[in-house]
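A quick write-up on the structure given underneath.
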Amino acid sequence: MGTNELPSEIRRFKEIREDHDFTQSEFAEQLGIKHSTADIERGRTKLSGRVVTELLRLFHVNPLWLFGYSNQKHLTTDNGDISPKVVIVDKEDQENMILVNQKAAAGYPNNIQDVEWYQKLPAFDLPLPQYRNATYRGFQVEGDSMLPNFRPDDWVLAKGVESLDYASDNKVYVVVMQDAVVVKKLQKLPDSSKVLLVSLNEEYVPYEVFVSDIQEIWQVNSKLTFNIDSGSEHTLLRELQASMQELKSQIKNLNT
């Protein structure tokens, strides 16, 4: 039987193997098939339901595409898994908190599963009870969209969230999308395929993103800031005293 005479599912089955550079023996091992996938690729053995299921589970292959009923080759089957993709541990096998500065954040989405990339980032252990029993990560704030609570160059320390089900409306999160890392308040929508991202700075308009475009979510629970103005309270007090003096002067003028 010539290649063009083979059923579409057989041709596409072979295409998936070649996409991942597997030999017929390696592909068979991945799929739990004895010896080799040669008989399937020659059209001698039909694709079983179990093999189709494994193609979906391991390689996100759309069964409808496999049998020629769809042009969409892959499906997302992670059921909203937005948990941390990589964690780094110290010599005692304790998790370290990785710090992602503004420059690193630009490359974060594309390196989200690259362990070597994470190992180049600074990491430390924060021995406080508030940072135990979960994975924490530090992200540097860029821009002014979260003023007044979070200023440019502040750092937010955030806890990894396993799934969108565990995210709460109106709390602040670091949202890692396919092409950006943002700090925003999150609101779930009636259309469960999307969420609304809201800035604290009212000059920025809220916007919707597809849940499928979100790779990780981190719930912000604390921050590091280097913008403390030690004289701000004194300035406020002086302004208040000046206002009171002006008010007293106005009252005095009214009485004369």
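So you can find residues: chains in the structure tokens are A, B, ... in the order shown, residues in each start at 1, and ligands are numbered from 1 in order.
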Just want the 10 Å neighbourhood of Lys46 in chain A, counted on only C-alpha atoms, with same-chain residues fewer than 6 positions away dropped. Output as an MDAnalysis selection string. chainID A and resid 7 9:10 39:40
Could you make a table, as a tab-separated table, of the residues of range 75-169 of chain A that have an atom within 7 Å of an atom of range 174-196 of chain A, each with its nearest atom pair and distance in Å to one decimal, counting only C-alpha atoms, in chain and number order?
```
residue	atom	partner	partner_atom	distance
A:Ala105	CA	A:Val181	CA	6.2
A:Ala106	CA	A:Ala180	CA	6.7
A:Pro109	CA	A:Gln178	CA	5.6
A:Asp169	CA	A:Gln187	CA	4.6
```
Let's have the selection written as a compact mmCIF listing (two decimals), in the first residue's frame, with C-alpha atoms.
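Contents of out39.txt, as written:
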```txt
# COMPACT_ATOMS: atom_id res chain seq x y z
CA ALA A 105 10.60 38.81 33.26
CA ALA A 106 10.85 39.61 29.55
CA PRO A 109 7.34 33.08 29.48
CA ASP A 169 -11.57 37.78 42.82
```
So, with only C-alpha atoms as the atoms that count, which of A:Ile217, A:Ala134, A:Leu240, A:Val115 lies closest to Val161 in chain A?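 Nearest candidate to Val161 in chain A out of A:Ile217, A:Ala134, A:Leu240, A:Val115: A:Ile217.
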Can you list, as a ChimeraX atom specification, every residue of range 29-119 of chain A that DSSP puts in alpha helix (DSSP H)? /A:29-31,38-41,49-59,63-66,102-107,115-119
If you keep N, CA, C and O atoms, can you produce a file of those selected residues as a short mmCIF file (atom, residue, chain, number, x, y, z; two decimals), in the first residue's frame?
```
data_model
loop_
_atom_site.label_atom_id
_atom_site.label_comp_id
_atom_site.auth_asym_id
_atom_site.auth_seq_id
_atom_site.Cartn_x
_atom_site.Cartn_y
_atom_site.Cartn_z
N GLU A 29 7.65 2.65 22.52
CA GLU A 29 7.87 2.64 23.96
C GLU A 29 7.08 3.74 24.65
O GLU A 29 6.48 3.54 25.72
N GLN A 30 7.03 4.93 24.03
CA GLN A 30 6.26 6.04 24.59
C GLN A 30 4.77 5.69 24.70
O GLN A 30 4.11 6.03 25.66
N LEU A 31 4.27 4.98 23.69
CA LEU A 31 2.84 4.70 23.59
C LEU A 31 2.44 3.37 24.21
O LEU A 31 1.26 3.03 24.23
N ALA A 38 6.02 0.09 13.38
CA ALA A 38 6.13 -0.17 11.94
C ALA A 38 4.84 -0.72 11.35
O ALA A 38 4.40 -0.28 10.26
N ASP A 39 4.20 -1.67 12.03
CA ASP A 39 2.99 -2.27 11.48
C ASP A 39 1.85 -1.26 11.37
O ASP A 39 1.04 -1.31 10.45
N ILE A 40 1.78 -0.33 12.33
CA ILE A 40 0.75 0.72 12.26
C ILE A 40 1.02 1.62 11.06
O ILE A 40 0.12 1.93 10.28
N GLU A 41 2.27 2.02 10.89
CA GLU A 41 2.63 2.95 9.82
C GLU A 41 2.51 2.32 8.43
O GLU A 41 2.38 3.03 7.42
N GLY A 49 -8.05 2.51 20.42
CA GLY A 49 -8.51 3.63 21.23
C GLY A 49 -7.49 4.00 22.29
O GLY A 49 -7.31 5.17 22.62
N ARG A 50 -6.78 3.00 22.81
CA ARG A 50 -5.78 3.26 23.84
C ARG A 50 -4.64 4.09 23.29
O ARG A 50 -4.14 5.02 23.94
N VAL A 51 -4.20 3.79 22.05
CA VAL A 51 -3.11 4.55 21.43
C VAL A 51 -3.55 5.99 21.16
O VAL A 51 -2.80 6.93 21.40
N VAL A 52 -4.79 6.15 20.69
CA VAL A 52 -5.32 7.51 20.44
C VAL A 52 -5.35 8.30 21.75
O VAL A 52 -5.00 9.49 21.80
N THR A 53 -5.75 7.63 22.84
CA THR A 53 -5.78 8.28 24.16
C THR A 53 -4.39 8.69 24.59
O THR A 53 -4.18 9.79 25.13
N GLU A 54 -3.38 7.83 24.37
CA GLU A 54 -2.00 8.15 24.74
C GLU A 54 -1.46 9.31 23.90
O GLU A 54 -0.71 10.14 24.40
N LEU A 55 -1.84 9.37 22.64
CA LEU A 55 -1.42 10.49 21.79
C LEU A 55 -1.97 11.80 22.33
O LEU A 55 -1.28 12.84 22.33
N LEU A 56 -3.20 11.76 22.81
CA LEU A 56 -3.82 12.96 23.40
C LEU A 56 -3.16 13.31 24.72
O LEU A 56 -2.81 14.47 24.97
N ARG A 57 -2.93 12.31 25.57
CA ARG A 57 -2.38 12.56 26.91
C ARG A 57 -0.93 13.04 26.86
O ARG A 57 -0.55 13.97 27.56
N LEU A 58 -0.12 12.39 26.02
CA LEU A 58 1.31 12.68 26.00
C LEU A 58 1.69 13.84 25.10
O LEU A 58 2.60 14.60 25.39
N PHE A 59 0.99 13.95 23.96
CA PHE A 59 1.41 14.92 22.94
C PHE A 59 0.31 15.91 22.56
O PHE A 59 0.46 16.68 21.62
N PRO A 63 -7.80 14.11 18.58
CA PRO A 63 -8.28 12.93 17.86
C PRO A 63 -9.03 13.26 16.57
O PRO A 63 -8.95 12.52 15.59
N LEU A 64 -9.77 14.38 16.57
CA LEU A 64 -10.50 14.78 15.35
C LEU A 64 -9.53 15.12 14.22
O LEU A 64 -9.79 14.82 13.05
N TRP A 65 -8.42 15.77 14.58
CA TRP A 65 -7.39 16.05 13.56
C TRP A 65 -6.78 14.76 13.05
O TRP A 65 -6.57 14.57 11.86
N LEU A 66 -6.53 13.84 13.97
CA LEU A 66 -5.90 12.57 13.61
C LEU A 66 -6.71 11.83 12.54
O LEU A 66 -6.15 11.26 11.60
N GLN A 102 13.04 42.78 36.29
CA GLN A 102 12.32 43.24 35.10
C GLN A 102 12.91 42.66 33.82
O GLN A 102 12.19 42.27 32.91
N LYS A 103 14.24 42.62 33.75
CA LYS A 103 14.89 42.09 32.55
C LYS A 103 14.59 40.61 32.37
O LYS A 103 14.27 40.16 31.27
N ALA A 104 14.67 39.85 33.46
CA ALA A 104 14.40 38.42 33.38
C ALA A 104 12.94 38.14 33.04
O ALA A 104 12.63 37.17 32.34
N ALA A 105 12.04 39.01 33.52
CA ALA A 105 10.60 38.81 33.26
C ALA A 105 10.30 38.81 31.77
O ALA A 105 9.38 38.13 31.32
N ALA A 106 11.09 39.55 30.99
CA ALA A 106 10.85 39.61 29.55
C ALA A 106 11.06 38.23 28.91
O ALA A 106 10.40 37.89 27.92
N GLY A 107 11.98 37.44 29.47
CA GLY A 107 12.24 36.12 28.91
C GLY A 107 11.57 34.99 29.66
O GLY A 107 11.64 33.83 29.25
N VAL A 115 15.08 24.52 33.21
CA VAL A 115 15.70 24.50 34.54
C VAL A 115 17.01 25.30 34.55
O VAL A 115 17.29 26.04 35.49
N GLU A 116 17.82 25.16 33.51
CA GLU A 116 19.10 25.86 33.46
C GLU A 116 18.91 27.37 33.47
O GLU A 116 19.71 28.10 34.06
N TRP A 117 17.86 27.85 32.83
CA TRP A 117 17.59 29.30 32.80
C TRP A 117 17.30 29.80 34.22
O TRP A 117 17.81 30.84 34.64
N TYR A 118 16.51 29.05 34.98
CA TYR A 118 16.19 29.45 36.35
C TYR A 118 17.43 29.47 37.23
O TYR A 118 17.54 30.31 38.13
N GLN A 119 18.36 28.55 36.98
CA GLN A 119 19.54 28.46 37.82
C GLN A 119 20.46 29.68 37.68
O GLN A 119 21.35 29.88 38.51
#
```
So that I can check the surroundings of Ser8 in chain A, please list as a PDB file with all heavy atoms, in the first residue's frame every protein, DNA and RNA residue that reaches within 8 Å of it, counting only C-alpha atoms and ignoring chain neighbours fewer than 3 positions away.
```pdb
ATOM      1  N   ARG A  11      -1.182   8.248   8.354  1.00  0.00           N
ATOM      2  CA  ARG A  11      -0.227   9.257   7.876  1.00  0.00           C
ATOM      3  C   ARG A  11       0.054  10.292   8.961  1.00  0.00           C
ATOM      4  O   ARG A  11       1.196  10.700   9.171  1.00  0.00           O
ATOM      5  CB  ARG A  11      -0.754   9.929   6.599  1.00  0.00           C
ATOM      6  CG  ARG A  11      -0.695   9.017   5.379  1.00  0.00           C
ATOM      7  CD  ARG A  11      -1.102   9.726   4.096  1.00  0.00           C
ATOM      8  NE  ARG A  11      -2.551   9.716   3.920  1.00  0.00           N
ATOM      9  CZ  ARG A  11      -3.333  10.771   3.998  1.00  0.00           C
ATOM     10  NH1 ARG A  11      -2.802  11.963   4.257  1.00  0.00           N
ATOM     11  NH2 ARG A  11      -4.633  10.675   3.806  1.00  0.00           N
ATOM     12  N   ARG A  12      -0.987  10.683   9.666  1.00  0.00           N
ATOM     13  CA  ARG A  12      -0.809  11.694  10.703  1.00  0.00           C
ATOM     14  C   ARG A  12      -0.147  11.107  11.947  1.00  0.00           C
ATOM     15  O   ARG A  12       0.570  11.809  12.667  1.00  0.00           O
ATOM     16  CB  ARG A  12      -2.157  12.348  11.027  1.00  0.00           C
ATOM     17  CG  ARG A  12      -2.678  13.156   9.843  1.00  0.00           C
ATOM     18  CD  ARG A  12      -3.949  13.919  10.136  1.00  0.00           C
ATOM     19  NE  ARG A  12      -4.267  14.810   9.005  1.00  0.00           N
ATOM     20  CZ  ARG A  12      -5.213  15.728   9.020  1.00  0.00           C
ATOM     21  NH1 ARG A  12      -5.968  15.901  10.107  1.00  0.00           N
ATOM     22  NH2 ARG A  12      -5.428  16.497   7.969  1.00  0.00           N
ATOM     23  N   LEU A  66      -6.530  13.836  13.972  1.00  0.00           N
ATOM     24  CA  LEU A  66      -5.901  12.566  13.613  1.00  0.00           C
ATOM     25  C   LEU A  66      -6.712  11.831  12.544  1.00  0.00           C
ATOM     26  O   LEU A  66      -6.154  11.261  11.599  1.00  0.00           O
ATOM     27  CB  LEU A  66      -5.765  11.701  14.867  1.00  0.00           C
ATOM     28  CG  LEU A  66      -4.861  10.471  14.791  1.00  0.00           C
ATOM     29  CD1 LEU A  66      -3.417  10.872  14.571  1.00  0.00           C
ATOM     30  CD2 LEU A  66      -5.008   9.627  16.049  1.00  0.00           C
ATOM     31  N   PHE A  67      -8.031  11.886  12.664  1.00  0.00           N
ATOM     32  CA  PHE A  67      -8.900  11.161  11.728  1.00  0.00           C
ATOM     33  C   PHE A  67      -9.435  12.040  10.603  1.00  0.00           C
ATOM     34  O   PHE A  67     -10.331  11.648   9.869  1.00  0.00           O
ATOM     35  CB  PHE A  67     -10.056  10.499  12.495  1.00  0.00           C
ATOM     36  CG  PHE A  67      -9.613   9.318  13.316  1.00  0.00           C
ATOM     37  CD1 PHE A  67      -9.261   9.485  14.649  1.00  0.00           C
ATOM     38  CD2 PHE A  67      -9.519   8.060  12.753  1.00  0.00           C
ATOM     39  CE1 PHE A  67      -8.832   8.411  15.410  1.00  0.00           C
ATOM     40  CE2 PHE A  67      -9.094   6.967  13.507  1.00  0.00           C
ATOM     41  CZ  PHE A  67      -8.746   7.140  14.842  1.00  0.00           C
ATOM     42  N   GLY A  68      -8.875  13.235  10.479  1.00  0.00           N
ATOM     43  CA  GLY A  68      -9.189  14.071   9.323  1.00  0.00           C
ATOM     44  C   GLY A  68     -10.446  14.908   9.430  1.00  0.00           C
ATOM     45  O   GLY A  68     -10.939  15.415   8.420  1.00  0.00           O
TER      46      GLY A  68
END
```
Mind the document's chain letters and residue numbers, and return as an MDAnalysis selection string the residues of range 115-191 of chain A that DSSP labels strand (DSSP E or B). chainID A and resid 123:124 136:140 155:160 163 172:177 181:188
To one decimal place in Å, what is the distance between CA of His35 in chain A and CA of Val61 in chain A?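 Atom-to-atom, CA of His35 in chain A to CA of Val61 in chain A, that is 22.2 Å.
CA of Ala28 in chain A is positioned 12.2 Å from CA of Leu47 in chain A.
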Have a look at A:Glu216, A:Val172, A:Val211, A:Asn71 and name the one nearest to Val86 in chain A; count only C-alpha atoms.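 Checking each candidate against Val86 in chain A, we get A:Glu216 as the closest.
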Given the choices A:Leu200, A:Lys73, A:Asn62, A:Val89, which gets closest to Lys171 in chain A if the distance is worked out from only C-alpha atoms?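 Selected residue with least distance to Lys171 in chain A: A:Leu200.
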Residues of range 68-102 of chain A within 12 Å of range 148-156 of chain A: nearest atom pair and distance (Å, one decimal) for each, counting only C-alpha atoms, sorted by chain and number, as a tab-separated table?
```
residue	atom	partner	partner_atom	distance
A:Met97	CA	A:Val156	CA	11.7
A:Ile98	CA	A:Val156	CA	11.7
A:Leu99	CA	A:Trp155	CA	8.8
A:Val100	CA	A:Trp155	CA	9.1
A:Asn101	CA	A:Trp155	CA	8.3
A:Gln102	CA	A:Asp153	CA	8.2
```
